[in-house]
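Student: So here's start01.tsv, just TSV, C-alpha atoms and all ligand atoms:
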chain	number	residue	atom	x	y	z
A	194	MET	CA	-132.00	116.26	-2.91
A	195	VAL	CA	-130.92	113.66	-5.46
A	196	ALA	CA	-133.68	111.33	-4.24
A	197	ALA	CA	-136.28	114.10	-4.73
A	198	ALA	CA	-134.95	114.73	-8.23
A	199	ARG	CA	-135.19	110.99	-8.98
A	200	ALA	CA	-138.75	110.91	-7.64
A	201	ILE	CA	-139.74	113.80	-9.91
A	202	GLU	CA	-137.97	112.16	-12.86
A	203	THR	CA	-139.83	108.91	-12.17
A	204	HIS	CA	-143.16	110.66	-12.74
A	205	ARG	CA	-142.23	112.56	-15.89
A	206	VAL	CA	-143.97	111.25	-18.99
A	207	ASP	CA	-140.58	111.13	-20.72
A	208	ALA	CA	-138.65	109.75	-17.70
A	209	LEU	CA	-135.02	108.86	-18.34
A	210	ALA	CA	-134.91	106.64	-15.22
A	211	ARG	CA	-137.42	105.38	-12.69
A	212	ASP	CA	-136.87	104.84	-8.99
A	213	ALA	CA	-139.97	103.88	-7.00
A	214	HIS	CA	-138.06	104.11	-3.70
A	215	ALA	CA	-136.85	107.67	-4.15
A	216	GLU	CA	-139.98	109.48	-2.94
A	217	HIS	CA	-140.04	107.35	0.21
A	218	PHE	CA	-136.52	108.46	1.16
A	219	VAL	CA	-137.64	112.08	0.73
A	220	ARG	CA	-140.75	111.65	2.89
A	221	ALA	CA	-138.90	109.74	5.61
A	222	ALA	CA	-136.45	112.53	6.50
A	223	ARG	CA	-137.86	115.46	8.45
A	224	ALA	CA	-135.72	117.99	6.57
A	225	SER	CA	-137.07	116.95	3.16
A	226	ALA	CA	-140.59	115.69	3.96
A	227	GLY	CA	-142.21	118.69	2.25
A	228	TRP	CA	-140.04	118.78	-0.86
A	229	PRO	CA	-141.59	118.04	-4.26
A	230	THR	CA	-141.61	114.46	-5.55
A	231	ARG	CA	-143.89	114.98	-8.57
A	232	PRO	CA	-143.49	117.31	-11.59
A	233	ARG	CA	-146.86	118.95	-10.81
A	234	GLN	CA	-145.53	120.02	-7.38
A	235	VAL	CA	-142.93	122.25	-9.04
A	236	PRO	CA	-144.89	125.41	-9.89
A	237	ASP	CA	-142.50	126.71	-12.55
A	238	GLY	CA	-141.71	123.21	-13.87
A	239	ASP	CA	-138.64	122.90	-16.08
A	240	ALA	CA	-137.91	126.61	-15.61
A	241	ASN	CA	-137.13	125.93	-11.94
A	242	PRO	CA	-133.31	125.98	-11.71
A	243	LEU	CA	-133.27	123.36	-8.93
A	244	TRP	CA	-136.03	120.82	-9.67
A	245	GLY	CA	-136.19	121.61	-13.38
A	246	ARG	CA	-132.72	121.90	-14.87
A	247	LEU	CA	-130.61	120.38	-12.07
A	248	GLY	CA	-133.30	117.77	-11.39
A	249	ARG	CA	-133.19	116.72	-15.03
A	250	TYR	CA	-129.40	116.57	-14.77
A	251	PHE	CA	-129.74	114.02	-11.95
A	252	GLY	CA	-132.29	112.04	-13.99
A	253	LEU	CA	-129.92	111.92	-16.96
A	254	ARG	CA	-126.94	111.01	-14.74
A	255	THR	CA	-128.93	108.19	-13.17
A	256	ARG	CA	-129.86	106.78	-16.57
A	257	VAL	CA	-126.34	107.02	-18.00
A	258	ILE	CA	-124.79	105.30	-14.98
A	259	ASP	CA	-127.56	102.66	-14.96
A	260	ASP	CA	-126.70	101.85	-18.57
A	261	PHE	CA	-122.96	101.76	-17.87
A	262	ALA	CA	-123.36	99.52	-14.81
A	263	LEU	CA	-125.64	97.04	-16.55
A	264	ARG	CA	-123.46	96.89	-19.67
A	265	SER	CA	-120.42	96.18	-17.56
A	266	ALA	CA	-122.20	93.57	-15.39
A	267	HIS	CA	-123.60	91.76	-18.43
A	268	ALA	CA	-120.12	91.80	-20.00
A	269	GLY	CA	-118.91	89.79	-17.00
A	270	ALA	CA	-118.09	92.16	-14.11
A	271	ARG	CA	-120.34	90.42	-11.60
A	272	GLN	CA	-119.17	92.45	-8.61
A	273	VAL	CA	-120.41	96.04	-8.27
A	274	VAL	CA	-119.07	98.52	-5.72
A	275	ILE	CA	-121.05	101.74	-5.28
A	276	LEU	CA	-118.78	104.29	-3.58
A	277	GLY	CA	-120.73	106.90	-1.61
A	278	ALA	CA	-123.90	104.92	-2.38
A	279	GLY	CA	-126.21	107.18	-0.38
A	280	LEU	CA	-129.81	106.52	-1.43
A	281	ASP	CA	-128.85	104.83	-4.70
A	282	ALA	CA	-131.40	102.00	-5.13
A	283	ARG	CA	-129.71	100.27	-8.08
A	284	ALA	CA	-129.43	97.00	-6.15
A	285	PHE	CA	-133.27	96.99	-6.04
A	286	ARG	CA	-134.09	98.60	-9.38
A	287	LEU	CA	-131.88	97.09	-12.03
A	288	ASP	CA	-132.02	93.79	-13.84
A	289	TRP	CA	-128.69	92.37	-12.69
A	290	PRO	CA	-127.38	89.13	-14.18
A	291	PRO	CA	-127.52	86.05	-11.93
A	292	GLY	CA	-124.70	85.79	-9.41
A	293	CYS	CA	-124.12	89.55	-9.15
A	294	ALA	CA	-123.04	91.09	-5.82
A	295	VAL	CA	-123.60	94.81	-5.11
A	296	PHE	CA	-121.53	96.41	-2.34
A	297	GLU	CA	-122.74	99.81	-1.12
A	298	ILE	CA	-120.16	101.92	0.73
A	299	ASP	CA	-121.28	104.93	2.75
A	300	ARG	CA	-121.19	106.17	6.30
A	301	ALA	CA	-123.02	104.10	8.93
A	302	GLU	CA	-125.73	106.68	9.64
A	303	VAL	CA	-126.62	107.03	5.97
A	304	LEU	CA	-126.87	103.26	5.53
A	305	ALA	CA	-129.01	102.98	8.69
A	306	PHE	CA	-131.50	105.57	7.36
A	307	LYS	CA	-131.62	103.77	4.02
A	308	ARG	CA	-132.18	100.39	5.68
A	309	GLY	CA	-135.06	101.80	7.74
A	310	VAL	CA	-136.88	103.06	4.65
A	311	LEU	CA	-136.25	99.97	2.51
A	312	ASP	CA	-137.17	97.55	5.31
A	313	GLY	CA	-140.39	99.52	5.84
A	314	ARG	CA	-141.22	98.96	2.18
A	315	ARG	CA	-140.21	95.28	2.35
A	316	ALA	CA	-137.97	96.00	-0.63
A	317	THR	CA	-136.17	92.98	-2.08
A	318	PRO	CA	-132.79	93.44	-3.76
A	319	ARG	CA	-132.27	91.95	-7.23
A	320	ALA	CA	-128.64	91.04	-6.48
A	321	ALA	CA	-126.70	89.97	-3.40
A	322	ARG	CA	-126.60	93.36	-1.68
A	323	VAL	CA	-123.93	94.10	0.94
A	324	PRO	CA	-123.94	97.48	2.73
A	325	VAL	CA	-120.44	98.45	3.94
A	326	ALA	CA	-120.13	101.20	6.55
A	327	ALA	CA	-116.86	103.07	5.98
A	328	ASP	CA	-115.47	106.57	5.67
A	329	LEU	CA	-113.90	107.00	2.24
A	330	ARG	CA	-111.33	109.41	3.73
A	331	ASP	CA	-109.93	106.46	5.69
A	332	ASP	CA	-108.58	103.12	4.58
A	333	TRP	CA	-111.86	101.61	3.38
A	334	ALA	CA	-110.42	98.63	1.45
A	335	GLY	CA	-110.25	96.54	4.64
A	336	ALA	CA	-113.96	97.00	5.37
A	337	LEU	CA	-114.85	96.11	1.77
A	338	THR	CA	-112.71	92.97	1.79
A	339	ALA	CA	-114.07	91.93	5.20
A	340	ALA	CA	-117.59	92.25	3.71
A	341	GLY	CA	-116.77	89.60	1.09
A	342	PHE	CA	-115.35	91.59	-1.84
A	343	GLU	CA	-113.07	89.38	-3.98
A	344	ARG	CA	-110.19	91.14	-5.68
A	345	ASP	CA	-109.74	88.55	-8.44
A	346	VAL	CA	-113.32	89.05	-9.70
A	347	PRO	CA	-113.85	91.76	-12.37
A	348	THR	CA	-115.68	94.65	-10.74
A	349	THR	CA	-117.84	97.59	-11.79
A	350	TRP	CA	-117.04	100.60	-9.61
A	351	LEU	CA	-119.40	103.59	-9.45
A	352	ALA	CA	-118.84	107.02	-7.88
A	353	GLU	CA	-121.84	109.20	-8.69
A	354	GLY	CA	-122.03	112.62	-7.07
A	355	LEU	CA	-119.21	111.72	-4.69
A	356	LEU	CA	-115.75	112.95	-5.61
A	357	LEU	CA	-116.52	116.67	-5.33
A	358	TYR	CA	-117.18	116.14	-1.60
A	359	LEU	CA	-113.85	114.41	-0.94
A	360	PRO	CA	-110.54	116.11	-0.18
A	361	HIS	CA	-107.91	115.90	-2.92
A	362	ALA	CA	-105.88	113.30	-1.00
A	363	ALA	CA	-108.95	111.10	-0.41
A	364	GLU	CA	-109.79	111.12	-4.14
A	365	ARG	CA	-106.23	110.17	-5.03
A	366	HIS	CA	-106.31	107.40	-2.46
A	367	LEU	CA	-109.69	106.23	-3.78
A	368	VAL	CA	-108.37	105.96	-7.35
A	369	ALA	CA	-105.24	104.11	-6.18
A	370	THR	CA	-107.41	101.71	-4.16
A	371	VAL	CA	-109.83	101.07	-7.03
A	372	ASP	CA	-106.80	100.36	-9.23
A	373	ARG	CA	-105.23	98.02	-6.66
A	374	LEU	CA	-108.48	96.06	-6.14
A	375	SER	CA	-109.45	95.80	-9.83
A	376	ALA	CA	-109.02	92.52	-11.68
A	377	PRO	CA	-108.66	92.70	-15.49
A	378	GLY	CA	-112.07	93.39	-17.05
A	379	SER	CA	-113.06	95.86	-14.32
A	380	ALA	CA	-114.68	99.21	-15.10
A	381	PHE	CA	-115.05	102.48	-13.21
A	382	GLY	CA	-117.78	105.04	-13.94
A	383	TYR	CA	-117.65	108.32	-12.05
A	384	GLU	CA	-118.56	111.98	-12.04
A	385	ALA	CA	-115.92	114.68	-11.72
A	386	LYS	CA	-116.21	118.44	-11.46
A	387	LEU	CA	-113.05	119.88	-12.99
A	388	ASP	CA	-113.44	123.25	-11.32
A	389	ILE	CA	-115.78	123.79	-8.41
A	390	GLY	CA	-115.50	127.48	-7.75
A	391	ALA	CA	-115.49	129.33	-11.09
A	392	PRO	CA	-116.55	132.80	-9.85
A	393	MET	CA	-119.27	133.41	-12.47
A	394	ALA	CA	-120.84	130.00	-11.90
A	395	ARG	CA	-120.86	130.52	-8.11
A	396	ASP	CA	-123.60	133.11	-8.48
A	397	SER	CA	-125.66	131.00	-10.86
A	398	PRO	CA	-129.44	130.55	-10.45
A	399	VAL	CA	-129.06	126.90	-9.47
A	400	TYR	CA	-127.03	127.61	-6.34
A	401	ARG	CA	-129.25	130.56	-5.42
A	402	ALA	CA	-132.43	128.48	-5.95
A	403	THR	CA	-131.05	125.61	-3.86
A	404	ARG	CA	-130.28	127.96	-0.97
A	405	ARG	CA	-133.64	129.71	-1.24
A	406	GLN	CA	-135.94	126.73	-1.90
A	407	ILE	CA	-134.47	124.06	0.37
A	408	GLY	CA	-131.92	125.91	2.50
A	409	VAL	CA	-128.96	123.91	1.16
A	410	ASP	CA	-125.74	125.72	0.28
A	411	LEU	CA	-124.21	123.27	-2.18
A	412	LEU	CA	-121.04	125.29	-2.61
A	413	ALA	CA	-120.39	125.03	1.11
A	414	LEU	CA	-120.71	121.23	0.91
A	415	PHE	CA	-118.23	120.79	-1.94
A	416	ASP	CA	-114.61	120.24	-0.96
A	417	GLY	CA	-112.47	123.33	-1.47
A	418	ASP	CA	-109.29	121.58	-2.67
A	419	PRO	CA	-108.22	121.84	-6.32
A	420	ARG	CA	-109.46	118.68	-8.04
A	421	PRO	CA	-106.97	115.97	-9.05
A	422	ASP	CA	-106.98	114.74	-12.66
A	423	SER	CA	-108.15	111.23	-11.82
A	424	ALA	CA	-108.73	110.26	-15.46
A	425	ALA	CA	-105.05	110.99	-16.20
A	426	ASP	CA	-104.10	109.05	-13.07
A	427	LEU	CA	-106.10	106.03	-14.28
A	428	ARG	CA	-104.50	106.24	-17.73
A	429	THR	CA	-101.00	106.14	-16.23
A	430	ARG	CA	-102.15	103.03	-14.38
A	431	GLY	CA	-103.06	101.35	-17.69
A	432	TRP	CA	-106.81	102.06	-17.82
A	433	SER	CA	-108.54	103.41	-20.91
A	434	THR	CA	-110.86	106.34	-20.30
A	435	ALA	CA	-113.76	107.96	-22.15
A	436	VAL	CA	-114.43	111.47	-20.85
A	437	HIS	CA	-117.86	112.95	-21.63
A	438	THR	CA	-119.78	116.08	-20.81
A	439	PRO	CA	-123.36	115.53	-19.61
A	440	PHE	CA	-124.46	117.46	-22.69
A	441	ASP	CA	-123.18	114.60	-24.88
A	442	PHE	CA	-125.86	112.41	-23.31
A	443	THR	CA	-128.55	115.12	-23.51
A	444	ARG	CA	-128.00	115.05	-27.25
A	445	HIS	CA	-127.97	111.24	-27.32
A	446	HIS	CA	-131.24	110.88	-25.38
A	447	GLY	CA	-132.92	113.98	-26.79
A	448	ARG	CA	-133.61	115.39	-23.32
A	449	GLY	CA	-131.65	116.80	-20.41
A	450	PRO	CA	-129.72	120.02	-19.73
A	451	LEU	CA	-128.00	121.93	-22.54
A	452	PRO	CA	-125.13	124.40	-22.02
A	453	GLU	CA	-125.95	127.92	-20.88
A	454	PRO	CA	-123.80	130.99	-20.10
A	455	ASN	CA	-121.79	130.82	-16.85
A	456	ASP	CA	-123.04	127.28	-16.49
A	457	PRO	CA	-122.19	125.52	-13.20
A	458	LEU	CA	-122.62	122.21	-15.06
A	459	ALA	CA	-119.96	123.14	-17.63
A	460	PRO	CA	-117.03	121.70	-15.59
A	461	ASN	CA	-118.88	118.41	-14.96
A	462	ARG	CA	-117.54	115.27	-16.60
A	463	TRP	CA	-118.81	111.71	-16.64
A	464	ILE	CA	-115.87	109.38	-17.02
A	465	PHE	CA	-115.98	105.73	-18.01
A	466	ALA	CA	-112.73	103.88	-17.43
A	467	ARG	CA	-111.86	100.29	-18.24
A	468	ARG	CA	-109.01	98.06	-17.18
A	469	PRO	CA	-108.15	95.79	-20.11
B	1	LIG	C1	-124.66	113.51	-3.22
B	1	LIG	S1	-124.70	111.97	-2.42
B	1	LIG	C2	-124.76	110.86	-3.80
B	1	LIG	C3	-125.27	109.52	-3.39
B	1	LIG	C4	-125.43	108.49	-4.49
B	1	LIG	N1	-124.18	108.19	-5.15
B	1	LIG	C5	-126.46	108.93	-5.48
B	1	LIG	O1	-126.09	109.38	-6.58
B	1	LIG	O2	-127.63	108.84	-5.15
B	1	LIG	C6	-123.04	111.78	-1.81
B	1	LIG	C7	-122.90	110.56	-0.92
B	1	LIG	O3	-121.51	110.42	-0.59
B	1	LIG	C8	-121.42	110.06	0.76
B	1	LIG	N2	-120.11	110.47	1.29
B	1	LIG	C9	-119.60	111.73	1.27
B	1	LIG	N3	-118.40	111.74	1.89
B	1	LIG	C10	-118.18	110.46	2.30
B	1	LIG	C11	-117.13	109.83	3.01
B	1	LIG	N4	-116.07	110.52	3.42
B	1	LIG	N5	-117.22	108.50	3.26
B	1	LIG	C12	-118.30	107.79	2.84
B	1	LIG	N6	-119.33	108.33	2.16
B	1	LIG	C13	-119.27	109.64	1.91
B	1	LIG	C14	-122.55	110.80	1.44
B	1	LIG	O4	-122.87	110.22	2.70
B	1	LIG	C15	-123.64	110.68	0.41
B	1	LIG	O5	-124.44	109.54	0.61
Translate this file's structure into structure tokens.
Ligand SMILES: C[S@@+](CC[C@H](N)C(=O)[O-])C[C@H]1O[C@@H](n2cnc3c(N)ncnc32)[C@H](O)[C@@H]1O

Tutor:
Amino acid sequence: MVAAARAIETHRVDALARDAHAEHFVRAARASAGWPTRPRQVPDGDANPLWGRLGRYFGLRTRVIDDFALRSAHAGARQVVILGAGLDARAFRLDWPPGCAVFEIDRAEVLAFKRGVLDGRRATPRAARVPVAADLRDDWAGALTAAGFERDVPTTWLAEGLLLYLPHAAERHLVATVDRLSAPGSAFGYEAKLDIGAPMARDSPVYRATRRQIGVDLLALFDGDPRPDSAADLRTRGWSTAVHTPFDFTRHHGRGPLPEPNDPLAPNRWIFARRP
């Protein structure tokens, strides 16, 4: 779904981010082969709650995290770890500084699907790309270290669209592990949803449209635990944090979703943490 949103974003005249691989991921999976990958394939355009408003949200999120990751890499954090990387093609899309390594952690079957599509396109990464098969509910630090991660090198960590799928304990463990593996100068950019199940938002058009249009019940995929306050956790560990709403960046870029009543995006935060 995120890949389809990125494909649509790529072909908007005012695209916030471009990902030439995204439409190929969508076409390659039987479940999504018929989903839209162009703005003209969405009959009601921006009024469509799924491919319009939520799609634009994913486009904005992609752009904001692209900017954060590149800023951090160019400031010296030459190791990047993408947690729950899924079909994130940043290793192939972005202009990484020389000597940058990009580790992509996800489950083995997701990485195998991704490899099949990218190999078929003869895609060439623009950094030293290292896929790492691991379950983030387990002790994943060993797999990352065995793949060549160096804990004394400043690192940019990314968790985009991930934490709301993890149990409370796994998120707490993830933050503690990021902290333990982060040399000074590291940075962590992630998305949090402060409250997943606000009753009014549960019945919002975006969840209904997602069920009706593509048969995906997002609320059933989200983890049901109360969310930990990971930004506060990072601060007690000595990190500085900047906590933003997505709407801050809509205003900055002049496009993207704006608040609406009973908005399921209202509890979303994009958090940028730095270890001095
Ligand atoms: C919504 S996708 C987002 C993917 C990617 N960050 C992006 O923005 O394109 C969530 C990703 O988290 C991964 N994920 C969820 N739970 C996981 C777990 N326990 N261990 C490893 N990966 C997990 C999924 O396989 C999926 O690729």

Student: Report the closest atom pair, with its distance in Å rounded to one decimal, for each residue of chain A that has an atom no farther than 7 Å from ligand LIG 1 (chain B); count all atoms listed in the file, sort by chain and then rising residue number, and write it as a tab-separated table.

Tutor:
residue	atom	partner	partner_atom	distance
A:Val195	CA	B:LIG1	O2	5.8
A:Ala196	CA	B:LIG1	O2	6.6
A:Leu276	CA	B:LIG1	N1	6.8
A:Gly277	CA	B:LIG1	O3	3.7
A:Ala278	CA	B:LIG1	N1	4.3
A:Gly279	CA	B:LIG1	O5	3.1
A:Leu280	CA	B:LIG1	O2	4.9
A:Asp281	CA	B:LIG1	O2	4.2
A:Ile298	CA	B:LIG1	C12	6.5
A:Asp299	CA	B:LIG1	N6	4.0
A:Arg300	CA	B:LIG1	C12	4.8
A:Val303	CA	B:LIG1	O4	5.9
A:Ala327	CA	B:LIG1	C12	5.8
A:Asp328	CA	B:LIG1	N5	3.5
A:Leu329	CA	B:LIG1	N5	3.8
A:Arg330	CA	B:LIG1	N4	4.9
A:Ala352	CA	B:LIG1	N1	6.1
A:Glu353	CA	B:LIG1	N1	4.4
A:Gly354	CA	B:LIG1	C2	4.6
A:Leu355	CA	B:LIG1	C6	4.8
A:Tyr358	CA	B:LIG1	N3	5.7
A:Leu359	CA	B:LIG1	N3	6.0

Student: Which is closer to Arg286 in chain A than all the others in A:Arg401, A:Arg205, A:Arg322, A:Arg365, using only C-alpha atoms?

Tutor: A:Arg322

Student: For Thr443 in chain A, which of A:Gly238, A:Thr255, A:Ala222, A:Tyr250 is the closest residue, counting all atoms listed in the file?

Tutor: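 When distances to Thr443 in chain A are compared using all atoms listed in the file, the smallest one comes from A:Tyr250.
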
Student: Select, from A:Arg211, A:Arg468, A:Arg249, A:Arg233, the residue with the minimum atom-to-atom distance to Arg283 in chain A, counting only C-alpha atoms.

Tutor: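 Smallest distance to Arg283 in chain A is found for A:Arg211.
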
Student: Point out the residue among A:Pro232, A:Pro457, A:Gly269, A:Pro450 with the least atom-to-atom distance to Val206 in chain A, counting all atoms listed in the file.

Tutor: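 Comparing A:Pro232, A:Pro457, A:Gly269, A:Pro450 against Val206 in chain A, the winner is A:Pro232.
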